[in-house]
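A.B. asks: File my_file.cif follows (mmCIF, C-alpha atoms and all ligand atoms):
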```
data_target
loop_
_atom_site.label_atom_id
_atom_site.label_comp_id
_atom_site.auth_asym_id
_atom_site.auth_seq_id
_atom_site.Cartn_x
_atom_site.Cartn_y
_atom_site.Cartn_z
CA MET A 300 101.28 -13.45 42.63
CA HIS A 301 100.32 -16.67 40.83
CA ASP A 302 102.85 -19.45 40.30
CA ILE A 303 103.40 -19.11 36.59
CA LEU A 304 103.72 -15.32 36.79
CA GLN A 305 106.16 -15.71 39.66
CA THR A 306 108.31 -18.09 37.59
CA ILE A 307 108.21 -15.76 34.59
CA VAL A 308 109.14 -12.73 36.68
CA GLU A 309 112.12 -14.54 38.21
CA GLN A 310 113.28 -15.54 34.73
CA LYS A 311 112.93 -11.93 33.55
CA HIS A 312 115.07 -10.60 36.37
CA LYS A 313 117.80 -13.07 35.34
CA GLU A 314 117.47 -12.01 31.71
CA VAL A 315 117.79 -8.35 32.63
CA GLU A 316 120.85 -9.02 34.73
CA PHE A 317 122.52 -10.85 31.84
CA LEU A 318 121.56 -8.21 29.27
CA GLN A 319 122.86 -5.41 31.45
CA SER A 320 126.22 -7.16 31.60
CA GLN A 321 126.29 -7.23 27.77
CA TYR A 322 124.86 -3.81 26.78
CA SER A 323 124.81 -0.67 28.86
CA ILE A 324 122.00 1.86 28.45
CA ALA A 325 124.54 4.03 26.58
CA ASP A 326 125.00 1.10 24.12
CA LEU A 327 121.23 0.81 23.66
CA LYS A 328 121.03 4.52 22.88
CA GLN A 329 123.44 3.96 19.97
CA GLN A 330 121.20 1.38 18.31
CA LYS A 331 119.54 2.37 15.07
CA HIS A 332 115.92 2.44 16.18
CA PHE A 333 116.59 4.45 19.30
CA GLN A 334 116.12 7.80 17.57
CA ARG A 335 113.16 6.84 15.38
CA ALA A 336 109.87 8.68 15.86
CA CYS A 337 107.22 6.29 17.12
CA TYR A 338 103.78 5.69 15.62
CA SER A 339 100.93 6.48 17.99
CA ALA A 340 98.61 3.60 18.86
CA LYS A 341 96.17 6.08 20.36
CA SER A 342 95.84 7.93 17.05
CA ALA A 343 95.66 4.68 15.09
CA ILE A 344 92.75 3.45 17.24
CA ASN A 345 90.95 6.81 17.21
CA LYS A 346 91.21 7.19 13.43
CA GLU A 347 88.07 7.15 11.34
CA LYS A 348 87.41 3.64 10.00
CA ALA A 349 89.88 2.12 12.47
CA SER A 350 89.11 -1.52 13.22
CA GLY A 351 90.41 -1.23 16.78
CA ILE A 352 91.96 -4.67 16.38
CA ILE A 353 95.33 -5.23 18.02
CA ALA A 354 96.48 -8.36 16.20
CA GLU A 355 99.00 -10.50 18.04
CA PHE A 356 101.74 -12.81 16.82
CA LYS A 357 102.17 -15.64 19.30
CA ARG A 358 103.57 -19.13 18.55
CA GLN A 359 102.76 -20.72 21.89
CA SER A 360 101.63 -19.87 25.40
CA PRO A 361 102.28 -21.44 28.81
CA LYS A 362 98.59 -22.22 29.10
CA LYS A 363 97.93 -23.67 25.64
CA GLY A 364 101.35 -24.99 24.62
CA PRO A 365 101.95 -24.78 20.87
CA ILE A 366 99.40 -22.71 18.92
CA ASN A 367 101.24 -22.22 15.62
CA PRO A 368 104.83 -23.16 16.39
CA ASN A 369 106.21 -22.83 12.86
CA ALA A 370 104.51 -19.58 11.91
CA ASN A 371 106.65 -17.13 9.95
CA ILE A 372 106.38 -13.66 11.29
CA LYS A 373 106.66 -11.57 8.12
CA PRO A 374 103.79 -13.00 6.05
CA VAL A 375 101.53 -13.05 9.11
CA LEU A 376 102.21 -9.43 10.05
CA GLU A 377 102.00 -8.20 6.48
CA SER A 378 98.58 -9.80 6.17
CA TYR A 379 97.45 -8.38 9.55
CA GLN A 380 98.48 -4.94 8.34
CA GLN A 381 96.78 -5.47 4.99
CA ALA A 382 93.60 -6.56 6.81
CA ASN A 383 93.42 -3.14 8.54
CA ALA A 384 94.53 -4.14 12.03
CA SER A 385 95.11 -0.90 13.98
CA VAL A 386 98.10 -2.09 16.01
CA ILE A 387 100.34 -5.17 15.97
CA SER A 388 101.45 -6.99 19.11
CA VAL A 389 104.52 -9.22 19.04
CA LEU A 390 105.54 -11.47 21.93
CA THR A 391 109.27 -11.22 22.60
CA ASP A 392 109.51 -13.83 25.35
CA LYS A 393 111.46 -16.91 24.20
CA TYR A 394 111.03 -19.38 27.02
CA PHE A 395 107.31 -19.27 27.67
CA PHE A 396 105.93 -17.88 24.39
CA GLY A 397 108.40 -19.27 21.82
CA ALA A 398 109.60 -15.96 20.36
CA LYS A 399 112.74 -15.93 18.22
CA ASP A 400 115.48 -13.34 18.60
CA SER A 401 114.84 -12.05 15.09
CA ASP A 402 111.04 -11.70 15.45
CA PHE A 403 110.84 -8.13 16.61
CA GLU A 404 113.41 -6.84 14.14
CA ASN A 405 111.53 -8.55 11.32
CA ALA A 406 108.28 -7.10 12.60
CA ARG A 407 109.66 -3.56 12.66
CA ALA A 408 111.05 -3.97 9.16
CA CYS A 409 107.71 -4.93 7.58
CA LEU A 410 105.28 -2.64 9.41
CA SER A 411 104.19 0.94 9.03
CA ILE A 412 101.61 0.77 11.83
CA PRO A 413 102.18 0.86 15.62
CA LEU A 414 104.02 -2.11 17.10
CA LEU A 415 103.56 -3.24 20.71
CA ARG A 416 106.37 -5.05 22.49
CA LYS A 417 104.58 -7.78 24.42
CA ASP A 418 106.72 -9.08 27.26
CA PHE A 419 106.98 -9.04 31.02
CA LEU A 420 108.73 -5.78 31.86
CA VAL A 421 110.08 -5.80 35.39
CA HIS A 422 112.90 -3.23 35.17
CA PRO A 423 113.43 0.23 33.58
CA TYR A 424 116.32 -1.26 31.56
CA GLN A 425 113.72 -3.12 29.49
CA VAL A 426 112.01 0.17 28.64
CA TYR A 427 115.25 1.45 27.06
CA GLN A 428 115.67 -1.93 25.39
CA SER A 429 112.12 -1.74 23.94
CA LYS A 430 112.87 1.63 22.39
CA ALA A 431 116.15 0.30 20.94
CA MET A 432 114.24 -2.65 19.46
CA GLY A 433 111.87 -0.34 17.60
CA ALA A 434 108.76 -0.58 19.77
CA ASP A 435 106.07 2.11 19.52
CA LEU A 436 104.41 1.07 22.72
CA ILE A 437 105.08 -1.19 25.66
CA LEU A 438 102.94 -3.32 27.90
CA LEU A 439 103.13 -2.89 31.66
CA ILE A 440 101.34 -5.53 33.75
CA ALA A 441 99.96 -4.24 37.05
CA ALA A 442 99.96 -7.75 38.60
CA ILE A 443 103.77 -7.90 38.53
CA LEU A 444 104.64 -4.27 39.31
CA THR A 445 104.18 -1.91 42.23
CA ILE A 446 102.39 1.42 41.77
CA ASP A 447 105.76 3.19 41.90
CA GLU A 448 107.36 0.87 39.36
CA VAL A 449 104.49 1.51 36.94
CA LYS A 450 104.96 5.24 37.50
CA THR A 451 108.73 5.17 36.87
CA MET A 452 108.55 2.89 33.84
CA SER A 453 105.59 4.62 32.21
CA GLN A 454 107.18 8.03 32.68
CA LEU A 455 110.40 6.78 31.13
CA ALA A 456 108.54 5.26 28.17
CA LYS A 457 106.85 8.59 27.52
CA GLU A 458 110.16 10.46 27.74
CA LEU A 459 111.49 8.09 25.08
CA GLY A 460 108.49 8.84 22.85
CA MET A 461 106.65 5.56 23.29
CA GLU A 462 103.10 4.97 24.51
CA VAL A 463 102.04 2.70 27.36
CA LEU A 464 99.40 0.01 27.62
CA LEU A 465 98.74 -0.86 31.26
CA GLU A 466 97.16 -4.26 31.85
CA ILE A 467 94.91 -4.77 34.83
CA HIS A 468 92.70 -7.69 35.72
CA ASP A 469 90.84 -6.69 38.85
CA GLU A 470 89.67 -3.77 40.95
CA SER A 471 92.66 -3.80 43.26
CA GLU A 472 94.87 -2.76 40.33
CA LEU A 473 92.92 0.37 39.36
CA ASN A 474 95.27 2.46 41.51
CA HIS A 475 98.18 1.58 39.17
CA ILE A 476 96.69 3.88 36.52
CA ASN A 477 98.54 7.20 36.24
CA SER A 478 98.72 10.14 33.85
CA HIS A 479 101.52 8.58 31.74
CA ILE A 480 99.30 5.68 30.71
CA ASP A 481 97.67 5.92 27.26
CA LEU A 482 95.68 2.71 27.02
CA VAL A 483 94.27 0.55 29.78
CA GLY A 484 93.93 -3.13 28.93
CA ILE A 485 91.60 -5.33 30.87
CA ASN A 486 92.60 -8.94 30.76
CA ASN A 487 89.41 -10.95 30.35
CA ARG A 488 91.31 -14.02 31.48
CA ASN A 489 91.28 -14.77 35.17
CA LEU A 490 94.90 -15.34 36.16
CA LYS A 491 93.98 -17.97 38.73
CA ASP A 492 91.93 -20.41 36.69
CA PHE A 493 92.34 -18.97 33.14
CA SER A 494 88.57 -18.67 32.69
CA VAL A 495 87.32 -15.85 30.46
CA ASP A 496 84.54 -13.54 31.66
CA LEU A 497 83.63 -10.57 29.51
CA ASN A 498 81.05 -9.33 32.02
CA HIS A 499 83.76 -9.00 34.65
CA SER A 500 85.82 -6.91 32.20
CA ILE A 501 82.88 -4.64 31.44
CA LYS A 502 82.20 -4.02 35.14
CA LEU A 503 85.85 -3.15 35.67
CA SER A 504 85.97 -0.89 32.61
CA GLU A 505 83.14 1.23 34.01
CA GLN A 506 85.54 2.37 36.71
CA ILE A 507 88.13 3.65 34.25
CA PRO A 508 87.86 7.26 33.05
CA ASP A 509 86.97 7.64 29.36
CA SER A 510 90.15 9.65 28.76
CA PHE A 511 91.98 6.31 28.46
CA ILE A 512 91.54 4.02 25.49
CA LYS A 513 90.02 0.83 26.84
CA VAL A 514 91.41 -2.39 25.43
CA ALA A 515 89.79 -5.79 25.95
CA GLU A 516 92.45 -8.50 26.08
CA SER A 517 92.37 -12.29 25.73
CA GLY A 518 89.86 -14.96 24.88
CA ILE A 519 88.07 -12.90 22.22
CA SER A 520 86.64 -15.30 19.69
CA GLY A 521 84.48 -13.64 17.11
CA THR A 522 82.33 -10.73 16.07
CA GLU A 523 79.74 -11.23 18.77
CA ASP A 524 82.30 -10.78 21.53
CA ILE A 525 83.58 -7.63 19.86
CA GLN A 526 80.12 -6.17 19.30
CA PHE A 527 79.26 -6.84 22.95
CA LEU A 528 82.49 -5.22 24.19
CA LYS A 529 82.10 -2.27 21.81
CA THR A 530 78.62 -1.41 22.98
CA ASN A 531 80.00 -1.50 26.51
CA GLY A 532 82.75 1.06 26.08
CA PHE A 533 85.78 -0.79 24.68
CA GLN A 534 87.58 0.74 21.68
CA ALA A 535 90.27 -1.83 21.07
CA PHE A 536 90.52 -5.62 21.09
CA LEU A 537 93.73 -7.56 21.59
CA ILE A 538 93.45 -10.90 19.81
CA GLY A 539 96.08 -13.63 19.58
CA GLU A 540 95.01 -17.22 19.60
CA TYR A 541 91.80 -16.79 17.59
CA PHE A 542 93.98 -15.66 14.67
CA MET A 543 97.12 -17.69 15.33
CA LYS A 544 95.35 -21.04 15.52
CA HIS A 545 94.58 -20.73 11.79
CA GLU A 546 97.12 -21.79 9.20
CA HIS A 547 96.76 -18.30 7.71
CA PRO A 548 96.24 -15.99 10.70
CA GLY A 549 96.03 -12.93 8.43
CA GLN A 550 93.05 -14.40 6.61
CA ALA A 551 91.24 -14.97 9.91
CA CYS A 552 92.00 -11.37 10.86
CA SER A 553 90.78 -10.03 7.54
CA ASP A 554 87.54 -12.07 7.75
CA LEU A 555 86.87 -10.82 11.28
CA ILE A 556 87.48 -7.17 10.40
CA MET A 557 85.24 -7.48 7.36
CA GLN A 558 82.44 -8.96 9.50
CA ILE A 559 82.74 -6.22 12.13
CA SER A 560 82.60 -3.45 9.58
CA LYS A 561 79.51 -5.02 7.97
CA LYS A 562 77.82 -5.19 11.39
CA ASP A 563 78.80 -1.59 12.17
CA LYS A 564 77.25 -0.42 8.90
CA SER A 565 74.02 -2.30 9.48
CA CYS A 566 73.75 -0.76 12.99
CA LYS A 567 74.01 2.82 11.65
O1 LIG B 601 95.48 -15.28 22.64
P1 LIG B 601 94.37 -14.48 23.24
O2 LIG B 601 93.52 -15.25 24.19
O3 LIG B 601 93.56 -13.77 22.18
O4 LIG B 601 95.08 -13.34 24.12
C1 LIG B 601 95.92 -12.35 23.57
C2 LIG B 601 96.59 -11.55 24.68
O5 LIG B 601 95.60 -10.87 25.38
C3 LIG B 601 97.41 -12.46 25.61
O6 LIG B 601 98.40 -13.01 24.83
C4 LIG B 601 98.02 -11.69 26.79
C5 LIG B 601 97.39 -10.80 27.59
N1 LIG B 601 98.23 -10.30 28.51
C6 LIG B 601 99.44 -10.87 28.35
C7 LIG B 601 100.62 -10.67 29.03
C8 LIG B 601 101.73 -11.37 28.61
C9 LIG B 601 101.66 -12.28 27.57
C10 LIG B 601 100.48 -12.49 26.87
C11 LIG B 601 99.35 -11.79 27.25
#
```
Give the structure from this file in structure tokens form.
C.D. replies:
Amino acid sequence: MHDILQTIVEQKHKEVEFLQSQYSIADLKQQKHFQRACYSAKSAINKEKASGIIAEFKRQSPKKGPINPNANIKPVLESYQQANASVISVLTDKYFFGAKDSDFENARACLSIPLLRKDFLVHPYQVYQSKAMGADLILLIAAILTIDEVKTMSQLAKELGMEVLLEIHDESELNHINSHIDLVGINNRNLKDFSVDLNHSIKLSEQIPDSFIKVAESGISGTEDIQFLKTNGFQAFLIGEYFMKHEHPGQACSDLIMQISKKDKSCK
């Protein structure tokens, strides 16, 4: 595993240990969102006229440092939703990605579309916690989990009514895919040197059965990238920085979705 991921994973294990000492799983089950029926990201992406955009709220990243450190979550997410994003992704990691404790609760309160909890899940406890927070789907990252851990955590997520996005970044992780996974995300960003290679993602996606929704993640910067990925089998596009680096991320999202739909029409 690469250095930064290793550090993050160690931090997450500490977080889980602390949280478990504060709230048992029985406590989490009492929280108000635990019983809510989740929105389906799969249906949202498959809908007619869906943009396929998974718009992310991210203040900073370990690679880039601050992107939009003072961004307010509510206006950004409301404008993403208004722009016809299909799914919203919210980072919940404080130390490396600058999330605030209140972010996810605020996100849930202002959205009526599927909400992805974006974090580094290393323990089944965090799956229960995600449901209690109001997540509709969770991210599982193959690079930090064994095949069995992915199986256990994805099965649990499904039992709790959530969907699962599994992130892979190379061929060796294809065997982490199982029948509980709904969407497979291919991280375009190489975890070793952070370079972005869409051709690598396309090659990898060809080895994934079409029964899974294929999501292209990271480094997407404009309509051309999306058009290229679309014609090569991707149905969804997870975009963070390209939106968040603007003062009004929602405007950037709306402009992009408008441009894609114009292109789609002219191709028909
Ligand atoms: O900001 P970008 O380059 O558009 O990337 C978004 C998203 O793919 C990226 O934030 C991401 C992909 N996988 C992750 C895992 C954890 C945290 C963050 C990520």
A.B. asks: Considering only C-alpha atoms and all ligand atoms, give me a table of residues in chain A that are at most 6 Å from ligand LIG 601 (chain B), with the closest atom pair and distance in Å for each, as CSV.
C.D. replies:
```
residue,atom,partner,partner_atom,distance
A:Asp418,CA,B:LIG601,C8,5.7
A:Glu516,CA,B:LIG601,O5,4.0
A:Ser517,CA,B:LIG601,O4,3.3
A:Gly518,CA,B:LIG601,O2,3.7
A:Ile519,CA,B:LIG601,O3,5.6
A:Leu537,CA,B:LIG601,O5,5.4
A:Ile538,CA,B:LIG601,O3,3.7
A:Gly539,CA,B:LIG601,O1,3.5
A:Glu540,CA,B:LIG601,O1,3.6
A:Tyr541,CA,B:LIG601,O3,5.8
```
A.B. asks: Could you take the residues named above and write them with C-alpha atoms, as a PDB file, in the coordinates of the input?
C.D. replies:
```pdb
ATOM      1  CA  ASP A 418     106.720  -9.080  27.260  1.00  0.00           C
ATOM      2  CA  GLU A 516      92.450  -8.500  26.080  1.00  0.00           C
ATOM      3  CA  SER A 517      92.370 -12.290  25.730  1.00  0.00           C
ATOM      4  CA  GLY A 518      89.860 -14.960  24.880  1.00  0.00           C
ATOM      5  CA  ILE A 519      88.070 -12.900  22.220  1.00  0.00           C
ATOM      6  CA  LEU A 537      93.730  -7.560  21.590  1.00  0.00           C
ATOM      7  CA  ILE A 538      93.450 -10.900  19.810  1.00  0.00           C
ATOM      8  CA  GLY A 539      96.080 -13.630  19.580  1.00  0.00           C
ATOM      9  CA  GLU A 540      95.010 -17.220  19.600  1.00  0.00           C
ATOM     10  CA  TYR A 541      91.800 -16.790  17.590  1.00  0.00           C
TER      11      TYR A 541
END
```
A.B. asks: So how far away is CA of Phe396 in chain A from CA of Glu523 in chain A, in Å?
C.D. replies: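 Distance reported for this atom pair: 27.6 Å.
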A.B. asks: Within 10 Å of range 460-462 of chain A, counting only C-alpha atoms, which residues show up once you throw out same-chain ones fewer than 3 positions away? Write them as a ChimeraX atom specification, please.
C.D. replies: /A:333-341,413,415,426,429-430,433-438,453-457,465,479-482
A.B. asks: Gly351 in chain A: which residues within 7 Å, counting only C-alpha atoms, same-chain residues fewer than 5 positions away excluded, as a list of chain:residue names?
C.D. replies: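 Everything that qualifies: A:Ile344, A:Ala384, A:Ser385, A:Gln534, A:Ala535, A:Phe536.
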A.B. asks: For C-alpha atoms, I'd like the residues from the last selection saved as a compact mmCIF listing (two decimals), keeping the file's coordinate frame.
C.D. replies:
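That gives us part34.txt:
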```
# COMPACT_ATOMS: atom_id res chain seq x y z
CA ILE A 344 92.75 3.45 17.24
CA ALA A 384 94.53 -4.14 12.03
CA SER A 385 95.11 -0.90 13.98
CA GLN A 534 87.58 0.74 21.68
CA ALA A 535 90.27 -1.83 21.07
CA PHE A 536 90.52 -5.62 21.09
```
A.B. asks: Any idea what the distance is between CA of Glu505 in chain A and CA of Asn477 in chain A?
C.D. replies: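 Separation of CA of Glu505 in chain A and CA of Asn477 in chain A: 16.7 Å.
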A.B. asks: Suppose you want the space between CA of Pro423 in chain A and CA of Val315 in chain A; what is it in Å?
C.D. replies: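 Rounded to one decimal, the two atoms are 9.7 Å apart.
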A.B. asks: Find the spatial neighbours of Leu304 in chain A, counting all atoms listed in the file, within a cut-off of 9 Å - ignore same-chain residues fewer than 4 positions away - and output them as a tab-separated table (two decimals) with C-alpha atoms, in the frame of the given file.
C.D. replies:
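Written out: around_39.tsv:
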```
chain	number	residue	atom	x	y	z
A	300	MET	CA	101.28	-13.45	42.63
A	308	VAL	CA	109.14	-12.73	36.68
A	309	GLU	CA	112.12	-14.54	38.21
A	442	ALA	CA	99.96	-7.75	38.60
A	443	ILE	CA	103.77	-7.90	38.53
A	490	LEU	CA	94.90	-15.34	36.16
```
